[in-house]
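Asker: Supplied structure: input-v3.cif, mmCIF, N, CA, C and O atoms.
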```cif
data_query
loop_
_atom_site.label_atom_id
_atom_site.label_comp_id
_atom_site.auth_asym_id
_atom_site.auth_seq_id
_atom_site.Cartn_x
_atom_site.Cartn_y
_atom_site.Cartn_z
N MET A 1 1.99 -4.07 13.31
CA MET A 1 1.86 -4.13 11.88
C MET A 1 3.15 -3.58 11.24
O MET A 1 3.71 -2.61 11.72
N ALA A 2 3.56 -4.21 10.16
CA ALA A 2 4.80 -3.83 9.48
C ALA A 2 4.67 -2.45 8.85
O ALA A 2 3.58 -2.02 8.47
N ALA A 3 5.81 -1.76 8.75
CA ALA A 3 5.83 -0.46 8.09
C ALA A 3 5.56 -0.66 6.60
O ALA A 3 5.81 -1.72 6.03
N VAL A 4 5.06 0.37 5.97
CA VAL A 4 4.77 0.32 4.54
C VAL A 4 6.04 0.61 3.75
O VAL A 4 6.78 1.53 4.06
N LEU A 5 6.26 -0.19 2.71
CA LEU A 5 7.38 0.03 1.80
C LEU A 5 6.83 0.24 0.39
O LEU A 5 5.97 -0.50 -0.05
N VAL A 6 7.35 1.26 -0.28
CA VAL A 6 7.04 1.48 -1.69
C VAL A 6 8.38 1.40 -2.40
O VAL A 6 9.26 2.23 -2.16
N ILE A 7 8.53 0.39 -3.24
CA ILE A 7 9.82 0.13 -3.89
C ILE A 7 9.70 0.21 -5.40
O ILE A 7 8.59 0.15 -5.95
N GLY A 8 10.82 0.36 -6.06
CA GLY A 8 10.85 0.42 -7.51
C GLY A 8 10.52 -0.93 -8.14
O GLY A 8 10.58 -1.97 -7.49
N PRO A 9 10.21 -0.92 -9.44
CA PRO A 9 9.76 -2.14 -10.11
C PRO A 9 10.84 -3.21 -10.26
O PRO A 9 10.53 -4.39 -10.43
N ASP A 10 12.11 -2.83 -10.18
CA ASP A 10 13.19 -3.80 -10.35
C ASP A 10 13.75 -4.32 -9.04
O ASP A 10 14.62 -5.20 -9.04
N GLU A 11 13.27 -3.80 -7.93
CA GLU A 11 13.77 -4.24 -6.63
C GLU A 11 13.19 -5.61 -6.28
O GLU A 11 12.01 -5.87 -6.52
N PRO A 12 14.02 -6.48 -5.71
CA PRO A 12 13.53 -7.82 -5.38
C PRO A 12 12.62 -7.80 -4.16
O PRO A 12 12.70 -6.92 -3.32
N LEU A 13 11.76 -8.82 -4.10
CA LEU A 13 10.88 -8.99 -2.94
C LEU A 13 11.57 -9.89 -1.93
O LEU A 13 12.25 -10.85 -2.28
N ASP A 14 11.41 -9.56 -0.67
CA ASP A 14 11.95 -10.37 0.42
C ASP A 14 11.26 -11.74 0.39
O ASP A 14 10.05 -11.81 0.20
N PRO A 15 12.00 -12.81 0.59
CA PRO A 15 11.37 -14.13 0.58
C PRO A 15 10.30 -14.34 1.65
O PRO A 15 9.44 -15.20 1.51
N SER A 16 10.33 -13.55 2.70
CA SER A 16 9.33 -13.70 3.76
C SER A 16 8.00 -13.03 3.41
O SER A 16 7.01 -13.24 4.11
N TRP A 17 7.97 -12.22 2.35
CA TRP A 17 6.74 -11.56 1.93
C TRP A 17 5.93 -12.49 1.03
O TRP A 17 6.47 -13.28 0.28
N THR A 18 4.62 -12.34 1.09
CA THR A 18 3.71 -13.08 0.22
C THR A 18 3.21 -12.13 -0.85
O THR A 18 2.67 -11.08 -0.52
N GLU A 19 3.38 -12.50 -2.12
CA GLU A 19 2.91 -11.63 -3.20
C GLU A 19 1.47 -11.99 -3.54
O GLU A 19 1.14 -13.15 -3.75
N ALA A 20 0.61 -10.96 -3.59
CA ALA A 20 -0.80 -11.14 -3.91
C ALA A 20 -1.10 -10.49 -5.25
O ALA A 20 -0.48 -9.49 -5.62
N ARG A 21 -2.07 -11.04 -5.96
CA ARG A 21 -2.42 -10.53 -7.29
C ARG A 21 -3.87 -10.04 -7.40
O ARG A 21 -4.29 -9.62 -8.46
N SER A 22 -4.61 -10.10 -6.29
CA SER A 22 -6.00 -9.63 -6.31
C SER A 22 -6.38 -9.14 -4.91
O SER A 22 -5.71 -9.45 -3.92
N ALA A 23 -7.48 -8.40 -4.86
CA ALA A 23 -7.95 -7.88 -3.57
C ALA A 23 -8.34 -9.02 -2.64
O ALA A 23 -8.04 -8.98 -1.45
N ALA A 24 -8.97 -10.05 -3.18
CA ALA A 24 -9.37 -11.19 -2.35
C ALA A 24 -8.14 -11.90 -1.78
O ALA A 24 -8.13 -12.30 -0.60
N GLU A 25 -7.11 -12.02 -2.58
CA GLU A 25 -5.87 -12.65 -2.12
C GLU A 25 -5.20 -11.80 -1.04
O GLU A 25 -4.69 -12.33 -0.05
N VAL A 26 -5.22 -10.46 -1.21
CA VAL A 26 -4.65 -9.58 -0.19
C VAL A 26 -5.39 -9.77 1.13
O VAL A 26 -4.77 -9.95 2.18
N GLU A 27 -6.70 -9.76 1.08
CA GLU A 27 -7.50 -9.93 2.31
C GLU A 27 -7.19 -11.26 3.00
O GLU A 27 -7.01 -11.31 4.21
N ARG A 28 -7.12 -12.32 2.21
CA ARG A 28 -6.87 -13.65 2.77
C ARG A 28 -5.49 -13.73 3.43
O ARG A 28 -5.35 -14.24 4.54
N GLU A 29 -4.47 -13.20 2.76
CA GLU A 29 -3.10 -13.27 3.29
C GLU A 29 -2.91 -12.36 4.50
O GLU A 29 -2.20 -12.73 5.45
N VAL A 30 -3.54 -11.19 4.49
CA VAL A 30 -3.46 -10.29 5.65
C VAL A 30 -4.14 -10.94 6.85
O VAL A 30 -3.63 -10.89 7.97
N ALA A 31 -5.28 -11.58 6.63
CA ALA A 31 -5.99 -12.26 7.71
C ALA A 31 -5.15 -13.40 8.30
O ALA A 31 -5.26 -13.71 9.49
N ALA A 32 -4.28 -13.98 7.48
CA ALA A 32 -3.40 -15.06 7.94
C ALA A 32 -2.17 -14.51 8.66
O ALA A 32 -1.34 -15.28 9.15
N GLY A 33 -2.02 -13.17 8.69
CA GLY A 33 -0.92 -12.55 9.41
C GLY A 33 0.36 -12.39 8.61
O GLY A 33 1.42 -12.15 9.17
N ARG A 34 0.27 -12.51 7.31
CA ARG A 34 1.46 -12.40 6.46
C ARG A 34 1.68 -10.96 6.00
O ARG A 34 0.75 -10.19 5.89
N THR A 35 2.94 -10.63 5.70
CA THR A 35 3.26 -9.34 5.08
C THR A 35 3.01 -9.50 3.59
O THR A 35 3.63 -10.33 2.93
N VAL A 36 2.09 -8.70 3.07
CA VAL A 36 1.65 -8.86 1.69
C VAL A 36 2.30 -7.81 0.79
O VAL A 36 2.31 -6.62 1.12
N ALA A 37 2.82 -8.27 -0.34
CA ALA A 37 3.41 -7.40 -1.36
C ALA A 37 2.56 -7.47 -2.61
O ALA A 37 2.02 -8.52 -2.95
N VAL A 38 2.42 -6.32 -3.28
CA VAL A 38 1.71 -6.28 -4.57
C VAL A 38 2.58 -5.55 -5.58
O VAL A 38 3.26 -4.59 -5.25
N THR A 39 2.55 -6.06 -6.81
CA THR A 39 3.21 -5.39 -7.93
C THR A 39 2.11 -4.74 -8.73
O THR A 39 1.20 -5.41 -9.22
N LEU A 40 2.17 -3.41 -8.85
CA LEU A 40 1.10 -2.65 -9.48
C LEU A 40 1.33 -2.56 -10.99
O LEU A 40 2.46 -2.36 -11.44
N ALA A 41 0.24 -2.69 -11.74
CA ALA A 41 0.31 -2.62 -13.20
C ALA A 41 -0.66 -1.56 -13.72
O ALA A 41 -1.52 -1.09 -12.99
N GLY A 42 -0.50 -1.19 -14.98
CA GLY A 42 -1.39 -0.20 -15.60
C GLY A 42 -0.72 1.16 -15.63
O GLY A 42 0.46 1.31 -15.32
N ASP A 43 -1.51 2.17 -16.03
CA ASP A 43 -0.96 3.53 -16.06
C ASP A 43 -0.86 4.08 -14.64
O ASP A 43 -1.27 3.44 -13.67
N GLU A 44 -0.30 5.27 -14.51
CA GLU A 44 -0.05 5.83 -13.18
C GLU A 44 -1.33 5.98 -12.36
O GLU A 44 -1.36 5.64 -11.19
N THR A 45 -2.39 6.47 -12.98
CA THR A 45 -3.65 6.66 -12.26
C THR A 45 -4.20 5.34 -11.75
O THR A 45 -4.65 5.24 -10.61
N ALA A 46 -4.15 4.30 -12.58
CA ALA A 46 -4.65 2.98 -12.17
C ALA A 46 -3.80 2.42 -11.03
O ALA A 46 -4.34 1.81 -10.10
N GLN A 47 -2.49 2.64 -11.08
CA GLN A 47 -1.62 2.13 -10.03
C GLN A 47 -1.88 2.83 -8.71
O GLN A 47 -1.90 2.19 -7.65
N ILE A 48 -2.11 4.13 -8.75
CA ILE A 48 -2.38 4.89 -7.52
C ILE A 48 -3.71 4.44 -6.91
O ILE A 48 -3.81 4.23 -5.70
N ALA A 49 -4.72 4.25 -7.75
CA ALA A 49 -6.03 3.81 -7.26
C ALA A 49 -5.93 2.40 -6.66
O ALA A 49 -6.46 2.14 -5.58
N ALA A 50 -5.24 1.51 -7.35
CA ALA A 50 -5.09 0.14 -6.85
C ALA A 50 -4.31 0.13 -5.55
O ALA A 50 -4.64 -0.61 -4.61
N ALA A 51 -3.28 0.95 -5.45
CA ALA A 51 -2.48 1.02 -4.22
C ALA A 51 -3.33 1.45 -3.04
O ALA A 51 -3.19 0.90 -1.93
N ALA A 52 -4.22 2.42 -3.24
CA ALA A 52 -5.08 2.88 -2.15
C ALA A 52 -5.99 1.75 -1.67
O ALA A 52 -6.16 1.54 -0.46
N VAL A 53 -6.54 0.99 -2.60
CA VAL A 53 -7.43 -0.13 -2.23
C VAL A 53 -6.63 -1.22 -1.51
O VAL A 53 -7.03 -1.70 -0.45
N TYR A 54 -5.49 -1.60 -2.07
CA TYR A 54 -4.67 -2.64 -1.44
C TYR A 54 -4.18 -2.21 -0.06
O TYR A 54 -4.11 -3.02 0.86
N ALA A 55 -3.83 -0.94 0.09
CA ALA A 55 -3.39 -0.44 1.40
C ALA A 55 -4.53 -0.50 2.40
O ALA A 55 -4.34 -0.87 3.56
N TRP A 56 -5.73 -0.14 1.97
CA TRP A 56 -6.89 -0.20 2.84
C TRP A 56 -7.12 -1.64 3.32
O TRP A 56 -7.47 -1.89 4.47
N LEU A 57 -6.87 -2.61 2.42
CA LEU A 57 -7.05 -4.02 2.76
C LEU A 57 -5.90 -4.58 3.60
O LEU A 57 -6.02 -5.68 4.15
N GLY A 58 -4.79 -3.84 3.69
CA GLY A 58 -3.71 -4.26 4.57
C GLY A 58 -2.40 -4.64 3.93
O GLY A 58 -1.48 -5.07 4.62
N ALA A 59 -2.26 -4.50 2.60
CA ALA A 59 -0.97 -4.79 1.96
C ALA A 59 0.06 -3.80 2.49
O ALA A 59 -0.25 -2.65 2.77
N ARG A 60 1.30 -4.26 2.66
CA ARG A 60 2.34 -3.40 3.25
C ARG A 60 3.51 -3.12 2.32
O ARG A 60 4.35 -2.28 2.63
N VAL A 61 3.63 -3.82 1.19
CA VAL A 61 4.74 -3.60 0.26
C VAL A 61 4.16 -3.39 -1.14
O VAL A 61 3.34 -4.19 -1.61
N PHE A 62 4.59 -2.31 -1.79
CA PHE A 62 4.08 -1.94 -3.11
C PHE A 62 5.25 -1.76 -4.06
O PHE A 62 6.15 -0.98 -3.79
N ARG A 63 5.22 -2.46 -5.19
CA ARG A 63 6.29 -2.35 -6.19
C ARG A 63 5.71 -1.62 -7.40
O ARG A 63 4.75 -2.09 -8.02
N THR A 64 6.32 -0.46 -7.73
CA THR A 64 5.80 0.41 -8.79
C THR A 64 6.87 1.37 -9.29
O THR A 64 7.77 1.73 -8.53
N PRO A 65 6.77 1.83 -10.54
CA PRO A 65 7.67 2.88 -11.00
C PRO A 65 7.22 4.27 -10.54
O PRO A 65 7.96 5.24 -10.65
N HIS A 66 6.01 4.38 -10.03
CA HIS A 66 5.43 5.67 -9.61
C HIS A 66 5.46 5.78 -8.09
O HIS A 66 4.43 5.87 -7.42
N VAL A 67 6.66 5.81 -7.54
CA VAL A 67 6.86 5.72 -6.09
C VAL A 67 6.19 6.87 -5.34
O VAL A 67 5.49 6.66 -4.35
N THR A 68 6.35 8.10 -5.81
CA THR A 68 5.82 9.27 -5.08
C THR A 68 4.29 9.24 -5.00
O THR A 68 3.72 9.39 -3.91
N GLY A 69 3.63 9.06 -6.12
CA GLY A 69 2.16 9.04 -6.13
C GLY A 69 1.59 7.89 -5.34
O GLY A 69 0.61 8.05 -4.59
N VAL A 70 2.19 6.73 -5.47
CA VAL A 70 1.72 5.55 -4.73
C VAL A 70 1.94 5.75 -3.24
O VAL A 70 1.08 5.44 -2.42
N ARG A 71 3.07 6.31 -2.86
CA ARG A 71 3.36 6.57 -1.44
C ARG A 71 2.29 7.48 -0.84
O ARG A 71 1.80 7.26 0.27
N GLN A 72 1.91 8.53 -1.57
CA GLN A 72 0.89 9.45 -1.07
C GLN A 72 -0.45 8.75 -0.91
O GLN A 72 -1.16 8.95 0.08
N ALA A 73 -0.82 7.91 -1.87
CA ALA A 73 -2.09 7.18 -1.79
C ALA A 73 -2.10 6.20 -0.63
O ALA A 73 -3.09 6.08 0.10
N VAL A 74 -0.98 5.50 -0.43
CA VAL A 74 -0.88 4.55 0.67
C VAL A 74 -0.94 5.27 2.02
O VAL A 74 -1.63 4.83 2.95
N ASP A 75 -0.23 6.39 2.14
CA ASP A 75 -0.28 7.17 3.38
C ASP A 75 -1.69 7.67 3.67
O ASP A 75 -2.15 7.65 4.81
N MET A 76 -2.39 8.12 2.63
CA MET A 76 -3.76 8.59 2.80
C MET A 76 -4.65 7.45 3.28
O MET A 76 -5.43 7.61 4.23
N ALA A 77 -4.55 6.28 2.65
CA ALA A 77 -5.38 5.14 3.05
C ALA A 77 -5.08 4.73 4.49
O ALA A 77 -6.00 4.42 5.26
N ASP A 78 -3.81 4.73 4.87
CA ASP A 78 -3.46 4.37 6.24
C ASP A 78 -3.98 5.40 7.24
O ASP A 78 -4.39 5.05 8.34
N SER A 79 -3.96 6.68 6.87
CA SER A 79 -4.51 7.71 7.76
C SER A 79 -6.02 7.56 7.91
O SER A 79 -6.55 7.64 9.02
N LEU A 80 -6.71 7.32 6.80
CA LEU A 80 -8.16 7.16 6.85
C LEU A 80 -8.58 5.92 7.63
O LEU A 80 -9.62 5.90 8.28
N SER A 81 -7.76 4.87 7.55
CA SER A 81 -8.11 3.63 8.26
C SER A 81 -7.68 3.65 9.72
O SER A 81 -7.98 2.72 10.46
N GLY A 82 -6.95 4.70 10.13
CA GLY A 82 -6.54 4.82 11.53
C GLY A 82 -5.24 4.13 11.88
O GLY A 82 -4.90 4.01 13.05
N ARG A 83 -4.48 3.66 10.88
CA ARG A 83 -3.21 3.00 11.15
C ARG A 83 -2.05 3.96 11.32
O ARG A 83 -0.98 3.57 11.78
N ARG A 84 -2.23 5.22 10.94
CA ARG A 84 -1.19 6.23 11.14
C ARG A 84 -1.88 7.57 11.33
O ARG A 84 -2.99 7.79 10.83
N PRO A 85 -1.24 8.49 12.04
CA PRO A 85 -1.85 9.81 12.20
C PRO A 85 -1.77 10.60 10.90
O PRO A 85 -0.85 10.39 10.10
N PRO A 86 -2.70 11.51 10.66
CA PRO A 86 -2.63 12.34 9.46
C PRO A 86 -1.38 13.22 9.49
O PRO A 86 -0.88 13.58 10.56
N ALA A 87 -0.87 13.55 8.32
CA ALA A 87 0.33 14.39 8.24
C ALA A 87 0.03 15.81 8.72
O ALA A 87 0.89 16.48 9.27
N LEU A 88 -1.20 16.26 8.52
CA LEU A 88 -1.58 17.62 8.89
C LEU A 88 -3.04 17.62 9.31
O LEU A 88 -3.89 17.02 8.64
N THR A 89 -3.33 18.26 10.41
CA THR A 89 -4.72 18.39 10.84
C THR A 89 -5.06 19.87 10.98
O THR A 89 -4.23 20.69 11.36
N ARG A 90 -6.28 20.17 10.66
CA ARG A 90 -6.78 21.54 10.81
C ARG A 90 -8.14 21.48 11.46
O ARG A 90 -8.93 20.60 11.16
N ARG A 91 -8.39 22.42 12.28
CA ARG A 91 -9.69 22.51 12.93
C ARG A 91 -10.52 23.50 12.14
O ARG A 91 -10.15 24.65 11.96
N GLY A 92 -11.64 23.05 11.66
CA GLY A 92 -12.52 23.92 10.89
C GLY A 92 -13.39 24.77 11.80
O GLY A 92 -14.04 24.26 12.70
N LEU A 93 -13.38 26.06 11.58
CA LEU A 93 -14.23 26.97 12.35
C LEU A 93 -15.23 27.62 11.39
O LEU A 93 -14.86 28.16 10.36
N ALA A 94 -16.47 27.54 11.75
CA ALA A 94 -17.51 28.10 10.88
C ALA A 94 -17.72 29.56 11.18
O ALA A 94 -17.53 30.08 12.21
#
```
Spell out the structure here as structure tokens.
Answerer:
Amino acid sequence: MAAVLVIGPDEPLDPSWTEARSAAEVEREVAAGRTVAVTLAGDETAQIAAAAVYAWLGARVFRTPHVTGVRQAVDMADSLSGRRPPALTRRGLA
């Protein structure tokens, strides 16, 4: 699986990427084996939430002005889905 990229809003998309505009489109393109890019819209909170959902569905390229917050959401979704190890683990002792 391709590495995740979070890029600024003015950066161009690679011609080999497929741009998706909905969750259903992301699912369909990921199932076809394509690298899916999404351009996030709305306020920062909406973009972070959408990025987490799209990452869970398998999108690998995210275009947004909120690079740091989106990167954290994408990393979290990838850790929860098992595609990457968590950044930090702790063993809970009762």
Asker: Hey, what comes out of the PyMOL selection byres (((chain A and resi 34 and name CA) around 10) and name CA) on this file? Could you write it as a PDB file with N, CA, C and O atoms, keeping the file's coordinate frame?
Answerer:
```pdb
ATOM      1  N   MET A   1       1.990  -4.070  13.310  1.00  0.00           N
ATOM      2  CA  MET A   1       1.860  -4.130  11.880  1.00  0.00           C
ATOM      3  C   MET A   1       3.150  -3.580  11.240  1.00  0.00           C
ATOM      4  O   MET A   1       3.710  -2.610  11.720  1.00  0.00           O
ATOM      5  N   ALA A   2       3.560  -4.210  10.160  1.00  0.00           N
ATOM      6  CA  ALA A   2       4.800  -3.830   9.480  1.00  0.00           C
ATOM      7  C   ALA A   2       4.670  -2.450   8.850  1.00  0.00           C
ATOM      8  O   ALA A   2       3.580  -2.020   8.470  1.00  0.00           O
ATOM      9  N   SER A  16      10.330 -13.550   2.700  1.00  0.00           N
ATOM     10  CA  SER A  16       9.330 -13.700   3.760  1.00  0.00           C
ATOM     11  C   SER A  16       8.000 -13.030   3.410  1.00  0.00           C
ATOM     12  O   SER A  16       7.010 -13.240   4.110  1.00  0.00           O
ATOM     13  N   TRP A  17       7.970 -12.220   2.350  1.00  0.00           N
ATOM     14  CA  TRP A  17       6.740 -11.560   1.930  1.00  0.00           C
ATOM     15  C   TRP A  17       5.930 -12.490   1.030  1.00  0.00           C
ATOM     16  O   TRP A  17       6.470 -13.280   0.280  1.00  0.00           O
ATOM     17  N   THR A  18       4.620 -12.340   1.090  1.00  0.00           N
ATOM     18  CA  THR A  18       3.710 -13.080   0.220  1.00  0.00           C
ATOM     19  C   THR A  18       3.210 -12.130  -0.850  1.00  0.00           C
ATOM     20  O   THR A  18       2.670 -11.080  -0.520  1.00  0.00           O
ATOM     21  N   GLU A  19       3.380 -12.500  -2.120  1.00  0.00           N
ATOM     22  CA  GLU A  19       2.910 -11.630  -3.200  1.00  0.00           C
ATOM     23  C   GLU A  19       1.470 -11.990  -3.540  1.00  0.00           C
ATOM     24  O   GLU A  19       1.140 -13.150  -3.750  1.00  0.00           O
ATOM     25  N   VAL A  26      -5.220 -10.460  -1.210  1.00  0.00           N
ATOM     26  CA  VAL A  26      -4.650  -9.580  -0.190  1.00  0.00           C
ATOM     27  C   VAL A  26      -5.390  -9.770   1.130  1.00  0.00           C
ATOM     28  O   VAL A  26      -4.770  -9.950   2.180  1.00  0.00           O
ATOM     29  N   ARG A  28      -7.120 -12.320   2.210  1.00  0.00           N
ATOM     30  CA  ARG A  28      -6.870 -13.650   2.770  1.00  0.00           C
ATOM     31  C   ARG A  28      -5.490 -13.730   3.430  1.00  0.00           C
ATOM     32  O   ARG A  28      -5.350 -14.240   4.540  1.00  0.00           O
ATOM     33  N   GLU A  29      -4.470 -13.200   2.760  1.00  0.00           N
ATOM     34  CA  GLU A  29      -3.100 -13.270   3.290  1.00  0.00           C
ATOM     35  C   GLU A  29      -2.910 -12.360   4.500  1.00  0.00           C
ATOM     36  O   GLU A  29      -2.200 -12.730   5.450  1.00  0.00           O
ATOM     37  N   VAL A  30      -3.540 -11.190   4.490  1.00  0.00           N
ATOM     38  CA  VAL A  30      -3.460 -10.290   5.650  1.00  0.00           C
ATOM     39  C   VAL A  30      -4.140 -10.940   6.850  1.00  0.00           C
ATOM     40  O   VAL A  30      -3.630 -10.890   7.970  1.00  0.00           O
ATOM     41  N   ALA A  31      -5.280 -11.580   6.630  1.00  0.00           N
ATOM     42  CA  ALA A  31      -5.990 -12.260   7.710  1.00  0.00           C
ATOM     43  C   ALA A  31      -5.150 -13.400   8.300  1.00  0.00           C
ATOM     44  O   ALA A  31      -5.260 -13.710   9.490  1.00  0.00           O
ATOM     45  N   ALA A  32      -4.280 -13.980   7.480  1.00  0.00           N
ATOM     46  CA  ALA A  32      -3.400 -15.060   7.940  1.00  0.00           C
ATOM     47  C   ALA A  32      -2.170 -14.510   8.660  1.00  0.00           C
ATOM     48  O   ALA A  32      -1.340 -15.280   9.150  1.00  0.00           O
ATOM     49  N   GLY A  33      -2.020 -13.170   8.690  1.00  0.00           N
ATOM     50  CA  GLY A  33      -0.920 -12.550   9.410  1.00  0.00           C
ATOM     51  C   GLY A  33       0.360 -12.390   8.610  1.00  0.00           C
ATOM     52  O   GLY A  33       1.420 -12.150   9.170  1.00  0.00           O
ATOM     53  N   THR A  35       2.940 -10.630   5.700  1.00  0.00           N
ATOM     54  CA  THR A  35       3.260  -9.340   5.080  1.00  0.00           C
ATOM     55  C   THR A  35       3.010  -9.500   3.590  1.00  0.00           C
ATOM     56  O   THR A  35       3.630 -10.330   2.930  1.00  0.00           O
ATOM     57  N   VAL A  36       2.090  -8.700   3.070  1.00  0.00           N
ATOM     58  CA  VAL A  36       1.650  -8.860   1.690  1.00  0.00           C
ATOM     59  C   VAL A  36       2.300  -7.810   0.790  1.00  0.00           C
ATOM     60  O   VAL A  36       2.310  -6.620   1.120  1.00  0.00           O
ATOM     61  N   ALA A  37       2.820  -8.270  -0.340  1.00  0.00           N
ATOM     62  CA  ALA A  37       3.410  -7.400  -1.360  1.00  0.00           C
ATOM     63  C   ALA A  37       2.560  -7.470  -2.610  1.00  0.00           C
ATOM     64  O   ALA A  37       2.020  -8.520  -2.950  1.00  0.00           O
ATOM     65  N   GLY A  58      -4.790  -3.840   3.690  1.00  0.00           N
ATOM     66  CA  GLY A  58      -3.710  -4.260   4.570  1.00  0.00           C
ATOM     67  C   GLY A  58      -2.400  -4.640   3.930  1.00  0.00           C
ATOM     68  O   GLY A  58      -1.480  -5.070   4.620  1.00  0.00           O
ATOM     69  N   ALA A  59      -2.260  -4.500   2.600  1.00  0.00           N
ATOM     70  CA  ALA A  59      -0.970  -4.790   1.960  1.00  0.00           C
ATOM     71  C   ALA A  59       0.060  -3.800   2.490  1.00  0.00           C
ATOM     72  O   ALA A  59      -0.250  -2.650   2.770  1.00  0.00           O
ATOM     73  N   ARG A  60       1.300  -4.260   2.660  1.00  0.00           N
ATOM     74  CA  ARG A  60       2.340  -3.400   3.250  1.00  0.00           C
ATOM     75  C   ARG A  60       3.510  -3.120   2.320  1.00  0.00           C
ATOM     76  O   ARG A  60       4.350  -2.280   2.630  1.00  0.00           O
TER      77      ARG A  60
END
```
Asker: Please, which residues of range 7-90 of chain A, numbered as in this document, come out strand (DSSP E) from DSSP, as a PyMOL selection string?
Answerer: chain A and resi 7+18-19+36-39+61-63
Asker: In Å to one decimal, how far is CA of Val70 in chain A from atom C of Ile48 in chain A?
Answerer: 6.0 Å
Asker: Determine the nearest neighbour of Val67 in chain A from the options A:Gly8, A:Arg91, A:Ala55, A:Ala46, counting all atoms listed in the file.
Answerer: A:Gly8
Asker: Would you list, as a VMD selection string, the residues of chain A that end up in alpha helix (DSSP H) under DSSP run on this structure's backbone?
Answerer: chain A and resid 23 to 31 44 to 57 67 to 81
Asker: How far is it from atom N of Tyr54 in chain A to atom N of Ser79 in chain A, in Å with one decimal?
Answerer: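 About the pair atom N of Tyr54 in chain A and atom N of Ser79 in chain A: they are 12.3 Å apart.
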Asker: Between A:Leu40, A:Ala24, A:Val53, A:Ile7, which residue has the minimum interatomic distance to Val74 in chain A, considering all atoms listed in the file?
Answerer: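 With all atoms listed in the file as the atom set, the closest residue is A:Val53.
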Asker: Out of A:Met76, A:Ala23, A:Thr89, A:Phe62, which residue has the shortest atom-to-atom distance to Pro9 in chain A when counting all atoms listed in the file?
Answerer: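 Among A:Met76, A:Ala23, A:Thr89, A:Phe62, it is A:Phe62 that comes nearest to Pro9 in chain A.
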Asker: By how many Å are atom N of Gln47 in chain A and CA of Glu25 in chain A apart?
Answerer: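 These two atoms are separated by 18.0 Å.
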Asker: Hey, which of A:Ala3, A:Leu93, A:Ala73, A:Ala87 ends up closest to Ala49 in chain A? Count only N, CA, C and O atoms.
Answerer: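 Between A:Ala3, A:Leu93, A:Ala73, A:Ala87, the residue approaching Ala49 in chain A most closely is A:Ala73.
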Asker: Using only C-alpha atoms, can you tell me which of A:Glu11, A:Gly82, A:Glu44, A:Leu88 comes closest to Val61 in chain A?
Answerer: A:Glu11
Asker: Can you fill out range 74-78 of chain A with all heavy atoms and hand it back as an mmCIF file, keeping the file's coordinate frame?
Answerer:
```
data_model
loop_
_atom_site.group_PDB
_atom_site.id
_atom_site.type_symbol
_atom_site.label_atom_id
_atom_site.label_comp_id
_atom_site.auth_asym_id
_atom_site.auth_seq_id
_atom_site.Cartn_x
_atom_site.Cartn_y
_atom_site.Cartn_z
ATOM 1 N N VAL A 74 -0.980 5.500 -0.430
ATOM 2 C CA VAL A 74 -0.880 4.550 0.670
ATOM 3 C C VAL A 74 -0.940 5.270 2.020
ATOM 4 O O VAL A 74 -1.630 4.830 2.950
ATOM 5 C CB VAL A 74 0.417 3.716 0.532
ATOM 6 C CG1 VAL A 74 0.694 2.911 1.784
ATOM 7 C CG2 VAL A 74 0.319 2.806 -0.682
ATOM 8 N N ASP A 75 -0.230 6.390 2.140
ATOM 9 C CA ASP A 75 -0.280 7.170 3.380
ATOM 10 C C ASP A 75 -1.690 7.670 3.670
ATOM 11 O O ASP A 75 -2.150 7.650 4.810
ATOM 12 C CB ASP A 75 0.702 8.341 3.325
ATOM 13 C CG ASP A 75 2.157 7.909 3.451
ATOM 14 O OD1 ASP A 75 2.412 6.740 3.827
ATOM 15 O OD2 ASP A 75 3.038 8.746 3.159
ATOM 16 N N MET A 76 -2.390 8.120 2.630
ATOM 17 C CA MET A 76 -3.760 8.590 2.800
ATOM 18 C C MET A 76 -4.650 7.450 3.280
ATOM 19 O O MET A 76 -5.430 7.610 4.230
ATOM 20 C CB MET A 76 -4.311 9.153 1.494
ATOM 21 C CG MET A 76 -5.763 9.590 1.586
ATOM 22 S SD MET A 76 -6.591 9.744 -0.001
ATOM 23 C CE MET A 76 -6.566 8.078 -0.603
ATOM 24 N N ALA A 77 -4.550 6.280 2.650
ATOM 25 C CA ALA A 77 -5.380 5.140 3.050
ATOM 26 C C ALA A 77 -5.080 4.730 4.490
ATOM 27 O O ALA A 77 -6.000 4.420 5.260
ATOM 28 C CB ALA A 77 -5.161 3.978 2.093
ATOM 29 N N ASP A 78 -3.810 4.730 4.870
ATOM 30 C CA ASP A 78 -3.460 4.370 6.240
ATOM 31 C C ASP A 78 -3.980 5.400 7.240
ATOM 32 O O ASP A 78 -4.390 5.050 8.340
ATOM 33 C CB ASP A 78 -1.944 4.211 6.386
ATOM 34 C CG ASP A 78 -1.455 2.849 5.916
ATOM 35 O OD1 ASP A 78 -2.304 1.978 5.614
ATOM 36 O OD2 ASP A 78 -0.232 2.659 5.857
#
```
